[in-house]
Amino acid sequence: MAGKVTFILKDPQATDETPVNLVFWYDQLRIKISTGERIRPKYWNKGTHRARETKDFPEFENFNTRLDNHQRNVMSAVRDHLNENNTILPKKLRAELANALRPKPEKEPLTFFPAIQEYIDTTNKAPRTKLSYGTTLNVLKEYQKTLKTPLTFESINMDFYEHFVKYLTETQNFAKNTIGDHIKKIKVFMNYANDKGYTTNKGHEHRKFQTISETPETVYLNDSELLTLYEKDLSDNSRLDRVRDLFIIGCYTGLRFSDLSQLTPEKFTDDGTRLKIKTVKTGEIVVIPLHWTIKEILKKYNGETPRALSNQKMNVYIKELAELAEIKERVTITKTKGGLNFEKKFEKWELVTVHTARRSFATNMFLAEVPTISIMKITGHRTERAFMKYIKVSQEQNADKLSKHPYFSKSPLKVVND
C-alpha cells in the first residue's frame, strides 16, 4: 500500500474563495500541503472531494482535472520515494510532495558574465589561477565598454576574436603572450558554458580562434653557476642562506614552487636517496633521485628542508643571491608588445626567479644526455613539445652536444670498388 490522497478545503465556512489542500495518509503519517488551487465552499462537493458539477461554476471540469493531475503526481512521487528509500522519510517526502504539486521553475540559463563568474566561484583551480580568470573577466568587461552592444555567448566568433586581439594589441599595448593567455581563458569559459547548457555556440573552436604566443626568452643557471651559488658563504645572512638552499633543491629536482613549499621529511625515501611527492598542479606522483647537494642540505637542516617564503619574496631574494654570486652575464631579451618588437639588455641575475630552478633542472639534465622521457617523468610534461619550451640551449651548445654524437665522430665510410 502506497497510501492515499484526498482534498479538503482550508476553511469550509468561508464565503469567498479558500485554498484547497491535499492530504496524504500513510499508516499513521499525515501530510497536508496546499495545492495552490482556490474555490468557494458553495461549489465544493464534500462527498467526492471535488468541485460540484454546476453551471454556476462552469470551470468545474478543468478544476477537477487539475486536482486529478495533482493526485497522480503525488502518488508517483510517493512510489519513487519508497523505491529509493525502502521506507517513508517524512521530512524528505513532504519536500518531494510539495515539489510534485508546485514544481520549482527551472532557472534561466546564466548569461555571459554571470556564467564566467559562476565558473570562477566553483572551479577547484588554485587560488592564483582563479585570480587570473578574474583578470580576464575584468578585461572583457572593459572591452565591452568599447562596443555598441553587450557581449553575449553568441558574440564569441571570429569577428570578436579579430577585434578583441586588435583592441588588446593597439589600445591596451599588451604583450603577445598576455593576449594569448586571455584567449586561452575565454576558451575555458566557453567550454564551461557549453557543458552547462548555457549556450550552443562553438565559435571559439574555429581553427583560427588561436591562442597566440611567442616563446618567452628566459634564462637558466648552468652547473657551474649553480655550484658557485651553492658554495657562496652566507653564514652571516640566515635569510638568504635558507632561500639559497631551497632554490638549490628546486634546481636539482625540477619542482614548482607549490611543491617546494610542501616538502616534509617523510617525502624523502630510501634512506634519504630519493624524493617521492604528489605534485600540486597535476596531482601526479613523481620520484626523483637526490643530487649530492640536496643530501648535504638535508644534513644541514637535520633531515628537514628550509621553510618556504612567499613566491614574491623568494623572487626578490633570489635576484639578490644571484647578484652576490656575480652571475652577471649580459642578456638581451626581445619581446613583442603592442604589435612591436622591443629589445632590452639585462644582467643575468636580474632575470633569475623561482621558476628558473625548474628550467635549469630540465636544461642541465638535457645537456647531460639524460633521455628526454626520463626528464619528463620528473617534470610532468605530457608532450615533448611542451617540454622543449623549458630547454634553453643556444646554437653553440646545440652544436657542442651534436659533436659528441657518434654520427659526427665515426670514420668516413670506405668506398669499395668492384
# chains A, B, ... in the order shown; residues from 1 in each chain; ligands from 1
>>> select_by_dssp(residues="stretch 59-219 of chain A", states="helix (DSSP H, G or I)", output="ChimeraX atom specification")
/A:60-85,90-101,112-122,127-144,153-155,158-171,176-196,203-205
>>> write_last_selection(atoms="C-alpha atoms", output="CSV table (one decimal), in the first residue's frame")
chain,number,residue,atom,x,y,z
A,60,PHE,CA,-15.5,22.7,-12.7
A,61,GLU,CA,-14.3,20.3,-15.3
A,62,ASN,CA,-10.9,21.9,-15.7
A,63,PHE,CA,-10.6,22.4,-11.9
A,64,ASN,CA,-11.2,18.8,-11.2
A,65,THR,CA,-8.8,17.7,-13.9
A,66,ARG,CA,-6.1,19.7,-12.2
A,67,LEU,CA,-6.9,18.0,-8.9
A,68,ASP,CA,-6.7,14.6,-10.6
A,69,ASN,CA,-3.3,15.6,-12.1
A,70,HIS,CA,-2.1,16.6,-8.6
A,71,GLN,CA,-3.2,13.3,-7.2
A,72,ARG,CA,-1.3,11.3,-9.9
A,73,ASN,CA,1.8,13.4,-9.5
A,74,VAL,CA,1.8,13.0,-5.7
A,75,MET,CA,1.3,9.2,-5.8
A,76,SER,CA,4.1,8.9,-8.4
A,77,ALA,CA,6.4,10.9,-6.1
A,78,VAL,CA,5.4,8.5,-3.2
A,79,ARG,CA,6.3,5.4,-5.3
A,80,ASP,CA,9.6,7.0,-6.3
A,81,HIS,CA,10.3,7.8,-2.7
A,82,LEU,CA,9.6,4.3,-1.5
A,83,ASN,CA,11.7,2.7,-4.3
A,84,GLU,CA,14.7,5.0,-3.4
A,85,ASN,CA,14.5,4.8,0.4
A,90,PRO,CA,8.6,12.2,6.5
A,91,LYS,CA,10.6,15.4,6.1
A,92,LYS,CA,12.1,14.3,2.8
A,93,LEU,CA,8.7,13.1,1.5
A,94,ARG,CA,7.0,16.4,2.4
A,95,ALA,CA,9.6,18.3,0.3
A,96,GLU,CA,9.2,15.9,-2.6
A,97,LEU,CA,5.3,16.1,-2.5
A,98,ALA,CA,5.5,19.9,-2.4
A,99,ASN,CA,7.7,19.9,-5.4
A,100,ALA,CA,5.4,17.5,-7.2
A,101,LEU,CA,2.4,19.8,-6.6
A,112,PHE,CA,27.8,35.7,-20.4
A,113,PHE,CA,29.4,37.5,-17.5
A,114,PRO,CA,27.4,35.7,-14.7
A,115,ALA,CA,28.3,32.4,-16.2
A,116,ILE,CA,32.0,33.3,-16.2
A,117,GLN,CA,31.7,34.4,-12.6
A,118,GLU,CA,30.0,31.1,-11.7
A,119,TYR,CA,32.9,29.2,-13.2
A,120,ILE,CA,35.4,31.3,-11.2
A,121,ASP,CA,33.5,30.8,-8.0
A,122,THR,CA,33.0,27.0,-8.4
A,127,PRO,CA,43.8,30.5,-6.0
A,128,ARG,CA,46.4,32.2,-8.3
A,129,THR,CA,44.7,30.6,-11.3
A,130,LYS,CA,41.3,31.7,-10.2
A,131,LEU,CA,42.7,35.2,-9.7
A,132,SER,CA,44.0,35.2,-13.3
A,133,TYR,CA,40.5,34.1,-14.5
A,134,GLY,CA,39.1,37.2,-12.7
A,135,THR,CA,41.6,39.4,-14.5
A,136,THR,CA,40.4,38.1,-17.9
A,137,LEU,CA,36.8,38.7,-16.8
A,138,ASN,CA,37.7,42.3,-16.0
A,139,VAL,CA,39.4,42.7,-19.3
A,140,LEU,CA,36.3,41.5,-21.1
A,141,LYS,CA,34.1,44.0,-19.1
A,142,GLU,CA,36.4,46.8,-20.1
A,143,TYR,CA,36.4,45.7,-23.7
A,144,GLN,CA,32.6,45.6,-23.7
A,153,PHE,CA,27.8,33.9,-25.8
A,154,GLU,CA,26.8,34.4,-29.4
A,155,SER,CA,29.3,37.3,-29.7
A,158,MET,CA,35.9,35.2,-35.5
A,159,ASP,CA,34.8,38.8,-35.7
A,160,PHE,CA,35.0,39.1,-31.9
A,161,TYR,CA,38.4,37.4,-31.9
A,162,GLU,CA,40.0,39.7,-34.5
A,163,HIS,CA,38.6,42.8,-32.9
A,164,PHE,CA,39.5,41.7,-29.4
A,165,VAL,CA,43.1,40.9,-30.3
A,166,LYS,CA,43.4,44.2,-32.1
A,167,TYR,CA,42.0,46.0,-29.0
A,168,LEU,CA,44.4,44.3,-26.7
A,169,THR,CA,47.3,45.0,-29.0
A,170,GLU,CA,46.7,48.5,-30.1
A,171,THR,CA,44.7,50.0,-27.2
A,176,LYS,CA,51.6,38.7,-27.3
A,177,ASN,CA,51.7,36.1,-24.6
A,178,THR,CA,49.3,38.1,-22.4
A,179,ILE,CA,46.9,38.3,-25.2
A,180,GLY,CA,47.2,34.6,-25.8
A,181,ASP,CA,46.5,33.9,-22.2
A,182,HIS,CA,43.3,35.9,-22.3
A,183,ILE,CA,42.2,34.0,-25.4
A,184,LYS,CA,43.0,30.7,-23.7
A,185,LYS,CA,40.8,31.6,-20.7
A,186,ILE,CA,37.9,32.7,-23.0
A,187,LYS,CA,38.1,29.2,-24.5
A,188,VAL,CA,37.8,27.7,-21.0
A,189,PHE,CA,34.8,29.9,-20.2
A,190,MET,CA,33.1,28.9,-23.4
A,191,ASN,CA,33.7,25.2,-22.9
A,192,TYR,CA,32.2,25.5,-19.4
A,193,ALA,CA,29.1,27.4,-20.7
A,194,ASN,CA,28.6,24.7,-23.4
A,195,ASP,CA,28.9,21.9,-20.8
A,196,LYS,CA,26.3,23.6,-18.6
A,203,GLY,CA,32.7,29.9,-32.3
A,204,HIS,CA,35.7,29.6,-30.0
A,205,GLU,CA,36.5,26.2,-31.6
>>> closest_residue(among="A:Leu234, A:Ile327, A:Leu255, A:Ile156", to="A:His206", atoms="only C-alpha atoms")
A:Ile156
>>> select_by_dssp(residues="stretch 44-116 of chain A", states="strand (DSSP E or B)", output="MDAnalysis selection string")
chainID A and resid 44:45 50:51
>>> write_last_selection(atoms="C-alpha atoms", output="JSON list (two decimals), in the first residue's frame")
[["chain", "number", "residue", "atom", "x", "y", "z"],
["A", 44, "TRP", "CA", -17.32, 22.18, -3.26],
["A", 45, "ASN", "CA", -18.67, 18.61, -3.03],
["A", 50, "ARG", "CA", -14.01, 17.70, -5.94],
["A", 51, "ALA", "CA", -15.78, 20.72, -7.40]]
>>> atom_distance(atom1="atom CA of A:Lys328", atom2="atom CA of A:Trp349")
6.0 Å
>>> residues_around(residues="A:Lys42", least_positions_apart="4", cutoff="12 Å", atoms="only C-alpha atoms", output="number ranges by chain")
A: 9, 11-18, 46, 50-54, 56-57
>>> residues_around(residues="A:Val219", least_positions_apart="4", cutoff="10 Å", atoms="only C-alpha atoms", output="ChimeraX atom specification")
/A:331,333,348-349,351-353,355-357,359-360,390-393
>>> residues_around(residues="A:Leu321", least_positions_apart="3", cutoff="9 Å", atoms="only C-alpha atoms", output="PyMOL selection string")
chain A and resi 229+240-241+243-244+316-318+324-326+349
>>> write_last_selection(atoms="C-alpha atoms", output="PDB file, in the first residue's frame")
ATOM      1  CA  LEU A 229      75.732  29.811  -5.812  1.00  0.00           C
ATOM      2  CA  LEU A 240      69.481  34.414   2.146  1.00  0.00           C
ATOM      3  CA  ASP A 241      71.065  31.169   3.295  1.00  0.00           C
ATOM      4  CA  VAL A 243      66.367  30.875   0.374  1.00  0.00           C
ATOM      5  CA  ARG A 244      69.524  29.740  -1.463  1.00  0.00           C
ATOM      6  CA  VAL A 316      63.245  39.222  -4.716  1.00  0.00           C
ATOM      7  CA  TYR A 317      65.762  37.347  -2.553  1.00  0.00           C
ATOM      8  CA  ILE A 318      66.872  35.019  -5.370  1.00  0.00           C
ATOM      9  CA  LEU A 324      76.024  38.246  -4.802  1.00  0.00           C
ATOM     10  CA  ALA A 325      77.190  35.159  -6.716  1.00  0.00           C
ATOM     11  CA  GLU A 326      78.222  37.529  -9.551  1.00  0.00           C
ATOM     12  CA  TRP A 349      70.932  37.942 -12.142  1.00  0.00           C
TER      13      TRP A 349
END
>>> residues_around(residues="stretch 264-271 of chain A", least_positions_apart="6", cutoff="8 Å", atoms="only C-alpha atoms", output="JSON, numbers by chain")
{"A": [277, 303, 304, 305]}
>>> atom_distance(atom1="atom CA of A:Thr279", atom2="atom CA of A:Phe366")
21.6 Å
>>> decode(residues="stretch 13-76 of chain A", atoms="C-alpha atoms", output="compact mmCIF listing (two decimals), in the first residue's frame")
# COMPACT_ATOMS: atom_id res chain seq x y z
CA GLN A 13 -17.11 28.05 6.25
CA ALA A 14 -15.60 30.81 4.09
CA THR A 15 -17.89 32.96 1.96
CA ASP A 16 -15.16 33.78 -0.54
CA GLU A 17 -12.53 31.57 -2.19
CA THR A 18 -10.46 29.41 0.15
CA PRO A 19 -7.32 27.33 -0.56
CA VAL A 20 -7.68 23.64 -1.45
CA ASN A 21 -5.25 21.41 0.48
CA LEU A 22 -4.05 17.95 -0.49
CA VAL A 23 -3.86 15.43 2.35
CA PHE A 24 -1.70 12.29 2.06
CA TRP A 25 -2.10 9.40 4.51
CA TYR A 26 0.32 6.52 5.03
CA ASP A 27 -0.32 4.40 8.14
CA GLN A 28 -0.11 6.96 10.98
CA LEU A 29 1.58 9.59 8.83
CA ARG A 30 -0.49 12.55 7.61
CA ILE A 31 0.95 15.24 5.31
CA LYS A 32 -1.08 18.29 4.34
CA ILE A 33 0.10 20.60 1.55
CA SER A 34 -1.57 23.45 -0.29
CA THR A 35 -2.27 22.70 -3.95
CA GLY A 36 -2.30 26.35 -4.97
CA GLU A 37 -5.93 25.94 -6.10
CA ARG A 38 -8.76 28.06 -4.62
CA ILE A 39 -12.55 27.64 -4.68
CA ARG A 40 -15.68 28.96 -2.96
CA PRO A 41 -17.03 26.36 -0.47
CA LYS A 42 -20.51 26.58 -2.03
CA TYR A 43 -19.04 24.98 -5.20
CA TRP A 44 -17.32 22.18 -3.26
CA ASN A 45 -18.67 18.61 -3.03
CA LYS A 46 -17.75 17.21 0.40
CA GLY A 47 -18.58 13.67 -0.68
CA THR A 48 -16.38 13.48 -3.81
CA HIS A 49 -13.75 15.98 -2.58
CA ARG A 50 -14.01 17.70 -5.94
CA ALA A 51 -15.78 20.72 -7.40
CA ARG A 52 -19.52 20.37 -7.88
CA GLU A 53 -20.74 19.96 -11.44
CA THR A 54 -22.86 23.09 -11.67
CA LYS A 55 -23.49 25.79 -14.24
CA ASP A 56 -22.77 28.35 -11.52
CA PHE A 57 -19.16 27.12 -11.60
CA PRO A 58 -18.58 26.43 -15.34
CA GLU A 59 -14.84 25.76 -14.92
CA PHE A 60 -15.51 22.74 -12.65
CA GLU A 61 -14.27 20.27 -15.29
CA ASN A 62 -10.86 21.94 -15.69
CA PHE A 63 -10.65 22.44 -11.94
CA ASN A 64 -11.24 18.75 -11.20
CA THR A 65 -8.82 17.72 -13.95
CA ARG A 66 -6.10 19.74 -12.21
CA LEU A 67 -6.87 18.01 -8.90
CA ASP A 68 -6.70 14.61 -10.63
CA ASN A 69 -3.29 15.55 -12.05
CA HIS A 70 -2.13 16.65 -8.59
CA GLN A 71 -3.17 13.30 -7.18
CA ARG A 72 -1.34 11.33 -9.88
CA ASN A 73 1.82 13.40 -9.47
CA VAL A 74 1.81 12.97 -5.70
CA MET A 75 1.28 9.19 -5.84
CA SER A 76 4.05 8.91 -8.44
